[in-house]
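A.B. asks: Input start_10.txt, format and content: compact mmCIF, C-alpha atoms.
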# COMPACT_ATOMS: atom_id res chain seq x y z
CA MET W 1 15.17 -10.25 6.53
CA VAL W 2 16.92 -9.66 3.22
CA TRP W 3 20.03 -7.53 2.66
CA VAL W 4 19.49 -4.61 0.29
CA PRO W 5 22.75 -3.06 -0.95
CA GLY W 6 22.71 0.70 -1.19
CA GLY W 7 23.08 2.64 -4.39
CA GLU W 8 21.68 5.28 -6.72
CA PHE W 9 18.56 5.01 -8.83
CA TRP W 10 15.87 6.96 -10.64
CA MET W 11 12.96 7.34 -8.22
CA GLY W 12 9.40 8.01 -9.35
CA GLY W 13 7.45 7.41 -12.49
CA PRO W 14 6.11 5.56 -14.29
CA SER W 15 6.85 6.68 -17.83
CA ALA W 16 4.16 7.12 -20.47
CA GLY W 17 4.93 3.74 -22.07
CA PRO W 18 3.73 1.48 -19.24
CA MET W 19 0.74 3.72 -18.59
CA ASN W 20 -0.31 3.62 -22.23
CA ASP W 21 0.16 -0.15 -22.25
CA LEU W 22 -2.27 -0.53 -19.34
CA LYS W 23 -4.79 1.82 -20.91
CA SER W 24 -4.64 -0.10 -24.18
CA ARG W 25 -5.80 -3.26 -22.39
CA LEU W 26 -9.13 -1.68 -21.48
CA ARG W 27 -12.27 -2.06 -23.56
CA ALA W 28 -13.90 1.08 -24.88
CA ASP W 29 -16.71 0.79 -22.33
CA GLU W 30 -14.39 0.37 -19.33
CA PRO W 31 -13.28 3.25 -17.08
CA VAL W 32 -9.62 4.24 -16.91
CA CYS W 33 -7.82 4.57 -13.59
CA ALA W 34 -7.66 8.26 -12.68
CA GLY W 35 -3.95 8.00 -11.98
CA LEU W 36 -3.31 6.52 -15.41
CA ALA W 37 -5.40 9.21 -17.06
CA ALA W 38 -3.59 12.03 -15.22
CA GLY W 39 -0.11 10.48 -15.30
CA PHE W 40 0.32 9.90 -11.53
CA LYS W 41 1.38 13.50 -11.05
CA ASP W 42 2.43 13.08 -7.41
CA ALA W 43 5.03 10.52 -8.57
CA GLN W 44 6.59 12.95 -11.06
CA PRO W 45 9.19 13.98 -11.97
CA SER W 46 11.65 11.10 -11.78
CA HIS W 47 14.78 12.17 -9.92
CA ARG W 48 18.10 10.70 -8.81
CA VAL W 49 18.29 9.32 -5.28
CA ARG W 50 20.99 7.59 -3.25
CA VAL W 51 20.19 5.27 -0.32
CA GLY W 52 22.44 3.42 2.09
CA SER W 53 22.38 -0.33 2.64
CA PHE W 54 19.80 -1.90 4.95
CA TRP W 55 17.94 -5.07 5.88
CA MET W 56 14.28 -5.45 4.89
CA ASP W 57 11.61 -7.96 5.86
CA ALA W 58 11.31 -10.48 3.05
CA THR W 59 7.52 -10.33 3.30
CA GLU W 60 4.81 -8.15 4.71
CA VAL W 61 4.39 -8.64 8.47
CA THR W 62 2.02 -11.57 8.92
CA ASN W 63 -0.79 -12.27 11.37
CA GLU W 64 1.42 -14.82 13.10
CA GLN W 65 4.24 -12.30 13.60
CA PHE W 66 1.89 -9.54 14.77
CA GLU W 67 0.19 -11.93 17.19
CA ARG W 68 3.56 -12.67 18.83
CA PHE W 69 4.03 -8.93 19.34
CA VAL W 70 0.58 -8.51 20.90
CA ARG W 71 1.07 -11.48 23.21
CA ALA W 72 4.44 -10.15 24.36
CA THR W 73 3.32 -6.58 24.96
CA GLY W 74 -0.46 -6.54 25.44
CA TYR W 75 -0.65 -3.92 22.71
CA VAL W 76 -4.13 -2.76 21.64
CA THR W 77 -4.43 -1.48 18.08
CA VAL W 78 -6.19 1.73 17.14
CA ALA W 79 -9.07 -0.23 15.58
CA GLU W 80 -9.64 -1.97 18.91
CA ARG W 81 -9.96 1.30 20.87
CA PRO W 82 -13.12 3.41 21.14
CA PRO W 83 -12.87 6.52 18.91
CA ASP W 84 -12.67 9.88 20.66
CA PRO W 85 -15.97 11.72 19.91
CA ALA W 86 -14.13 15.06 20.00
CA GLN W 87 -12.15 14.01 16.92
CA PHE W 88 -15.30 13.18 14.95
CA PRO W 89 -17.78 16.01 15.46
CA GLY W 90 -21.16 15.26 13.97
CA ALA W 91 -20.44 11.57 13.52
CA ASP W 92 -23.16 8.99 13.97
CA PRO W 93 -22.84 7.83 17.63
CA ALA W 94 -23.53 4.27 16.47
CA LEU W 95 -20.23 4.37 14.59
CA LEU W 96 -18.19 5.74 17.51
CA VAL W 97 -17.27 2.24 18.59
CA PRO W 98 -14.12 0.20 17.98
CA GLY W 99 -13.95 -0.96 14.37
CA SER W 100 -12.35 -0.39 11.02
CA VAL W 101 -13.05 0.08 7.32
CA VAL W 102 -13.68 -3.08 5.28
CA PHE W 103 -13.82 -3.57 1.52
CA THR W 104 -17.40 -4.61 0.75
CA PRO W 105 -17.96 -5.21 -2.96
CA PRO W 106 -21.29 -3.94 -4.28
CA LYS W 107 -23.62 -6.29 -6.10
CA ASP W 108 -23.65 -4.25 -9.31
CA THR W 109 -21.53 -1.80 -11.26
CA VAL W 110 -21.18 1.56 -9.50
CA PRO W 111 -19.58 4.94 -10.35
CA LEU W 112 -15.86 4.87 -9.57
CA ASP W 113 -15.78 8.45 -8.28
CA ASP W 114 -17.52 7.43 -5.04
CA PHE W 115 -15.44 5.01 -2.96
CA SER W 116 -18.15 4.89 -0.28
CA GLN W 117 -19.84 2.42 -2.64
CA TRP W 118 -17.31 -0.27 -1.66
CA TRP W 119 -15.85 0.81 1.70
CA ARG W 120 -17.86 0.34 4.89
CA TYR W 121 -17.05 1.08 8.53
CA VAL W 122 -17.61 -2.20 10.36
CA PRO W 123 -17.86 -2.19 14.17
CA GLY W 124 -15.65 -4.93 15.57
CA ALA W 125 -13.40 -5.19 12.52
CA ASN W 126 -9.70 -5.28 13.42
CA TRP W 127 -6.58 -7.33 12.79
CA ARG W 128 -8.05 -10.33 14.62
CA HIS W 129 -11.37 -10.05 12.79
CA PRO W 130 -10.49 -8.65 9.33
CA ASN W 131 -14.03 -8.69 7.94
CA GLY W 132 -15.88 -8.01 11.18
CA PRO W 133 -16.87 -9.91 14.34
CA GLY W 134 -17.84 -13.07 12.46
CA SER W 135 -14.41 -13.43 10.83
CA SER W 136 -11.14 -14.76 12.22
CA ILE W 137 -7.44 -15.18 11.44
CA VAL W 138 -7.43 -18.80 12.61
CA GLY W 139 -5.61 -20.74 9.91
CA ARG W 140 -4.46 -17.47 8.33
CA GLY W 141 -1.18 -16.95 10.16
CA GLY W 142 0.69 -16.58 6.86
CA PHE W 143 -1.54 -13.77 5.59
CA PRO W 144 -0.44 -10.12 5.93
CA VAL W 145 -1.78 -8.43 9.04
CA VAL W 146 -4.29 -5.70 8.10
CA HIS W 147 -6.27 -2.97 9.89
CA VAL W 148 -3.01 -1.54 11.24
CA SER W 149 -2.66 2.22 11.55
CA TYR W 150 0.67 3.98 11.23
CA GLU W 151 0.89 4.07 15.02
CA ASP W 152 0.35 0.30 15.20
CA ALA W 153 3.01 -0.38 12.58
CA GLU W 154 5.52 1.85 14.39
CA ALA W 155 4.80 0.10 17.69
CA TYR W 156 5.49 -3.30 16.16
CA ALA W 157 8.67 -2.08 14.47
CA THR W 158 10.02 -0.62 17.73
CA TRP W 159 9.29 -3.87 19.60
CA ALA W 160 11.07 -5.86 16.88
CA GLY W 161 14.14 -3.59 17.00
CA LYS W 162 13.42 -2.29 13.53
CA ARG W 163 11.74 0.71 11.89
CA LEU W 164 9.48 1.55 8.97
CA PRO W 165 11.24 2.21 5.65
CA THR W 166 11.57 5.59 4.08
CA GLU W 167 9.78 5.92 0.77
CA ALA W 168 13.14 6.03 -1.02
CA GLU W 169 14.34 2.85 0.69
CA TRP W 170 11.07 1.12 -0.13
CA GLU W 171 11.21 1.95 -3.84
CA PHE W 172 14.91 1.11 -4.15
CA ALA W 173 14.24 -2.29 -2.57
CA ALA W 174 11.12 -2.88 -4.65
CA ARG W 175 13.04 -2.34 -7.87
CA GLY W 176 15.28 -5.27 -6.95
CA GLY W 177 18.41 -3.96 -8.66
CA THR W 178 16.64 -2.81 -11.82
CA ASP W 179 16.22 0.82 -12.83
CA ARG W 180 13.36 2.69 -14.54
CA GLN W 181 11.26 -0.42 -15.08
CA ALA W 182 7.49 -0.48 -14.79
CA TYR W 183 7.08 -3.29 -12.26
CA THR W 184 9.11 -4.94 -9.53
CA TRP W 185 9.71 -7.85 -11.94
CA GLY W 186 10.35 -5.98 -15.21
CA ASN W 187 8.46 -4.13 -17.92
CA GLU W 188 5.68 -6.59 -18.79
CA LEU W 189 2.55 -6.83 -16.63
CA LYS W 190 2.47 -10.62 -17.05
CA ARG W 191 5.11 -13.27 -17.60
CA ALA W 192 4.16 -16.11 -19.93
CA GLY W 193 0.55 -15.04 -19.50
CA ARG W 194 0.67 -15.30 -15.69
CA TRP W 195 0.02 -12.57 -13.18
CA MET W 196 3.02 -11.67 -11.02
CA CYS W 197 1.12 -10.10 -8.14
CA ASN W 198 -2.20 -10.22 -6.30
CA ALA W 199 -4.34 -7.52 -7.90
CA PHE W 200 -7.91 -7.10 -9.15
CA GLN W 201 -9.07 -8.56 -12.46
CA GLY W 202 -12.54 -8.13 -13.89
CA ARG W 203 -14.96 -5.25 -13.47
CA PHE W 204 -13.94 -3.13 -10.45
CA PRO W 205 -15.22 -3.15 -7.71
CA ASN W 206 -17.95 -5.76 -7.97
CA ALA W 207 -16.57 -8.62 -10.08
CA ASP W 208 -13.07 -9.88 -9.24
CA THR W 209 -12.40 -12.86 -11.52
CA ALA W 210 -9.34 -13.91 -9.46
CA GLU W 211 -7.30 -14.57 -12.59
CA ASP W 212 -4.18 -14.15 -10.43
CA GLY W 213 -5.26 -17.05 -8.22
CA PHE W 214 -6.79 -15.10 -5.33
CA LYS W 215 -10.03 -13.26 -4.75
CA GLY W 216 -9.13 -10.78 -2.04
CA LEU W 217 -6.11 -11.07 0.23
CA ALA W 218 -3.44 -13.71 -0.43
CA PRO W 219 -0.89 -15.36 1.87
CA VAL W 220 2.65 -14.02 1.53
CA ARG W 221 5.17 -15.62 -0.88
CA GLN W 222 2.62 -16.67 -3.51
CA TYR W 223 4.46 -14.95 -6.38
CA PRO W 224 8.13 -14.91 -7.39
CA ALA W 225 10.53 -12.75 -5.38
CA ASN W 226 12.22 -9.76 -6.99
CA GLY W 227 15.95 -9.44 -7.65
CA TYR W 228 16.76 -8.92 -3.96
CA GLY W 229 14.64 -11.85 -2.77
CA LEU W 230 11.72 -9.70 -1.55
CA PHE W 231 8.12 -10.82 -1.97
CA ASP W 232 4.82 -9.03 -2.61
CA LEU W 233 6.09 -5.51 -3.19
CA ALA W 234 3.26 -5.07 -5.69
CA GLY W 235 -0.35 -5.76 -4.83
CA ASN W 236 -1.73 -7.74 -1.87
CA VAL W 237 -1.59 -4.95 0.77
CA TRP W 238 -0.43 -1.36 0.82
CA GLU W 239 2.65 -0.83 3.00
CA TRP W 240 3.30 2.09 5.35
CA CYS W 241 6.42 4.21 4.83
CA SER W 242 7.82 6.71 7.33
CA ASP W 243 7.59 9.78 5.04
CA TRP W 244 4.87 12.38 5.39
CA TYR W 245 2.83 12.67 2.20
CA ARG W 246 2.90 15.75 -0.01
CA PRO W 247 2.07 15.62 -3.74
CA ASP W 248 4.71 18.27 -4.50
CA TYR W 249 7.63 16.60 -2.72
CA TYR W 250 9.22 15.15 -5.86
CA ASP W 251 9.13 18.58 -7.49
CA ARG W 252 11.12 19.93 -4.54
CA LEU W 253 13.73 17.17 -4.74
CA ALA W 254 14.12 17.50 -8.49
CA ALA W 255 14.46 21.27 -8.25
CA GLY W 256 17.45 20.83 -5.95
CA GLY W 257 19.41 19.16 -8.74
CA GLY W 258 22.04 16.49 -8.27
CA VAL W 259 21.37 13.35 -6.25
CA ALA W 260 19.12 13.38 -3.17
CA ASP W 261 21.01 11.55 -0.42
CA ASN W 262 18.82 9.30 1.76
CA PRO W 263 15.75 11.58 1.59
CA ARG W 264 13.48 11.28 4.62
CA GLY W 265 10.41 12.99 3.21
CA PRO W 266 8.96 16.46 3.78
CA ALA W 267 8.73 18.10 7.20
CA ASP W 268 4.94 18.01 7.20
CA SER W 269 1.94 16.56 5.41
CA PHE W 270 -0.46 18.11 2.94
CA ASP W 271 -3.08 16.37 0.84
CA PRO W 272 -5.21 18.74 -1.27
CA ASP W 273 -8.00 16.15 -1.22
CA GLU W 274 -8.18 16.38 2.61
CA PRO W 275 -6.16 19.45 3.67
CA GLY W 276 -6.58 19.00 7.42
CA GLN W 277 -5.78 15.28 7.56
CA PRO W 278 -2.12 14.33 8.27
CA LYS W 279 -1.06 11.46 6.02
CA ARG W 280 1.93 9.19 5.56
CA VAL W 281 3.05 7.58 2.32
CA GLN W 282 1.89 4.07 1.46
CA ARG W 283 3.49 2.02 -1.29
CA GLY W 284 2.90 -1.02 -3.46
CA GLY W 285 -0.82 -1.08 -4.12
CA SER W 286 -3.10 -3.89 -2.98
CA PHE W 287 -5.39 -6.69 -4.07
CA LEU W 288 -7.82 -3.94 -5.14
CA CYS W 289 -5.53 -2.38 -7.75
CA SER W 290 -6.66 -2.65 -11.36
CA ASP W 291 -6.15 -0.73 -14.58
CA GLN W 292 -9.68 0.61 -14.08
CA TYR W 293 -8.99 1.90 -10.58
CA CYS W 294 -5.70 2.59 -8.78
CA ALA W 295 -3.14 0.60 -10.92
CA ARG W 296 -0.50 1.33 -8.30
CA TYR W 297 1.21 -2.01 -8.73
CA LEU W 298 3.33 0.17 -11.05
CA VAL W 299 6.47 0.40 -8.93
CA GLY W 300 7.11 4.17 -9.06
CA THR W 301 3.62 5.20 -7.97
CA ARG W 302 2.54 6.43 -4.53
CA GLY W 303 -0.33 6.04 -2.10
CA LYS W 304 -1.28 7.88 1.08
CA GLY W 305 -3.13 7.14 4.28
CA ALA W 306 -4.41 9.01 7.33
CA VAL W 307 -2.06 8.17 10.19
CA ASP W 308 -4.88 7.18 12.56
CA THR W 309 -6.57 4.82 10.11
CA GLY W 310 -6.10 1.27 8.91
CA ASN W 311 -8.35 -0.84 6.73
CA SER W 312 -8.64 -4.26 5.15
CA HIS W 313 -5.97 -3.73 2.50
CA VAL W 314 -3.22 -1.90 4.42
CA GLY W 315 -0.27 -3.63 6.09
CA PHE W 316 3.48 -3.01 6.41
CA ARG W 317 7.00 -4.42 6.51
CA CYS W 318 10.05 -3.24 8.42
CA VAL W 319 13.69 -2.40 7.77
CA LYS W 320 16.82 -2.27 9.92
In structure tokens, write the structure found in this file.

C.D. replies:
Amino acid sequence: MVWVPGGEFWMGGPSAGPMNDLKSRLRADEPVCAGLAAGFKDAQPSHRVRVGSFWMDATEVTNEQFERFVRATGYVTVAERPPDPAQFPGADPALLVPGSVVFTPPKDTVPLDDFSQWWRYVPGANWRHPNGPGSSIVGRGGFPVVHVSYEDAEAYATWAGKRLPTEAEWEFAARGGTDRQAYTWGNELKRAGRWMCNAFQGRFPNADTAEDGFKGLAPVRQYPANGYGLFDLAGNVWEWCSDWYRPDYYDRLAAGGGVADNPRGPADSFDPDEPGQPKRVQRGGSFLCSDQYCARYLVGTRGKGAVDTGNSHVGFRCVK
């Protein structure tokens, strides 16, 4: 783990400058990430926050680390359990079997307003078999564990004597001692022409050119650490935070004035896109982020995930 000294910072963003810079890189015939176009409204306005000091895992929890937990406890992840039919009325019975959602790139260009074009529920997919029954994590101990729900991540953290970070702790750590910058490494997307994180280059979602060195998931520690010595806080896999998700939470904090002291998130969850689905905050983006879709390798931006669901680009790290 890495020591993260407490302090105050501006939380949220990004500003118009980095967003316009990303949009300017797109060709006229390329789509623009919806968040970029709208200004990532759930990450606005920026507001002052104070956090205490804490320890944070230097990397995302890996397959090797998660396997030690499972061996020690016999824990069975949500993706390995049969779904409860009562929770999925009207669902295809063939899909009410243990499994998870896997990124499956289409063969051709597809509309970006329909994510079902590239996500597929795969029976038998779980942390041991990230792409389905025919896949394995053998030889991939240094890759981030995926297909972990919020419940799974909490269970690991408790076993390890740790906890999941608050959203404020996560962003403070990700900024690495900098303030109001666009990325965990500074204000430029690339350094000396090189990508600084595992993201998606090319035409999303069907043509990843792997300009960053990886097509899909990457092992941890493949890119430089930030100012605190933390790796992969942008791209690779989304990371669970302990806060409930609400798009209006930053408005509430900003309206209070002053400095928010160690905010723990709202008391409940609300996502206008799925009003009845409780969600927790996810941070950092993943290997699927691009300026055409998502672009949440921008450090102030936010993600969200249903608490009972994992997939092939969601992982976590812990704090103490």

A.B. asks: Take the point (-4.6, 12.5, 1.3) in the file's coordinates, draw a sphere of radius 9 Å around it, and report as a VMD selection string every protein, DNA or RNA residue with an atom inside or on it, counting only C-alpha atoms.

C.D. replies: chain W and resid 245 to 247 269 to 275 277 to 280 303 to 306

A.B. asks: Please report the interatomic distance between atom CA of Glu30 of chain W and atom CA of Ser15 of chain W in Å with one decimal.

C.D. replies: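 Atom-to-atom, atom CA of Glu30 of chain W and atom CA of Ser15 of chain W are spaced 22.2 Å apart.
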
A.B. asks: Give me, as number ranges by chain, all polymer residues having an atom no more than 9 Å from segment 59-73 of chain W, counting all atoms listed in the file and skipping those fewer than 5 positions away in the same chain.

C.D. replies: W: 1, 127-128, 137, 140-146, 156, 159-160, 219-221, 230-233, 237, 239, 315-318

A.B. asks: What does the distance from atom CA of Gly235 of chain W to atom CA of Phe54 of chain W come to in Å, to one decimal?

C.D. replies: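 Interatomic distance here is 22.7 Å.
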
A.B. asks: Could you list as number ranges by chain every residue that has an atom within 12 Å of (-17.4, 4.5, -4.3), using the file's coordinates and counting all atoms listed in the file?

C.D. replies: W: 103-106, 108-120, 204-206, 293

A.B. asks: Might you pull out every residue within 8 Å of Ala153 of chain W, with all atoms listed in the file counted and same-chain residues fewer than 2 positions away left off, and present them as an MDAnalysis selection string?

C.D. replies: chainID W and resid 148:151 155:157 164 240 315:316

A.B. asks: With C-alpha atoms retained, could you export that selection as a PDB file, keeping the file's coordinate frame?

C.D. replies:
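The new file selection-v4.pdb reads:
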ATOM      1  CA  VAL W 148      -3.010  -1.540  11.240  1.00  0.00           C
ATOM      2  CA  SER W 149      -2.660   2.220  11.550  1.00  0.00           C
ATOM      3  CA  TYR W 150       0.670   3.980  11.230  1.00  0.00           C
ATOM      4  CA  GLU W 151       0.890   4.070  15.020  1.00  0.00           C
ATOM      5  CA  ALA W 155       4.800   0.100  17.690  1.00  0.00           C
ATOM      6  CA  TYR W 156       5.490  -3.300  16.160  1.00  0.00           C
ATOM      7  CA  ALA W 157       8.670  -2.080  14.470  1.00  0.00           C
ATOM      8  CA  LEU W 164       9.480   1.550   8.970  1.00  0.00           C
ATOM      9  CA  TRP W 240       3.300   2.090   5.350  1.00  0.00           C
ATOM     10  CA  GLY W 315      -0.270  -3.630   6.090  1.00  0.00           C
ATOM     11  CA  PHE W 316       3.480  -3.010   6.410  1.00  0.00           C
TER      12      PHE W 316
END

A.B. asks: Would you pick out the contacts of segment 78-90 of chain W at 9 Å or less, using only C-alpha atoms, so that residues sharing its chain but fewer than 6 positions from it are not included, and give the list as a ChimeraX atom specification?

C.D. replies: /W:96-100,124-127,147-149,151-152,308-311

A.B. asks: Take the selection from the previous step and output its residues with C-alpha atoms, as a tab-separated table (two decimals), in the coordinates of the input.

C.D. replies:
chain	number	residue	atom	x	y	z
W	96	LEU	CA	-18.19	5.74	17.51
W	97	VAL	CA	-17.27	2.24	18.59
W	98	PRO	CA	-14.12	0.20	17.98
W	99	GLY	CA	-13.95	-0.96	14.37
W	100	SER	CA	-12.35	-0.39	11.02
W	124	GLY	CA	-15.65	-4.93	15.57
W	125	ALA	CA	-13.40	-5.19	12.52
W	126	ASN	CA	-9.70	-5.28	13.42
W	127	TRP	CA	-6.58	-7.33	12.79
W	147	HIS	CA	-6.27	-2.97	9.89
W	148	VAL	CA	-3.01	-1.54	11.24
W	149	SER	CA	-2.66	2.22	11.55
W	151	GLU	CA	0.89	4.07	15.02
W	152	ASP	CA	0.35	0.30	15.20
W	308	ASP	CA	-4.88	7.18	12.56
W	309	THR	CA	-6.57	4.82	10.11
W	310	GLY	CA	-6.10	1.27	8.91
W	311	ASN	CA	-8.35	-0.84	6.73
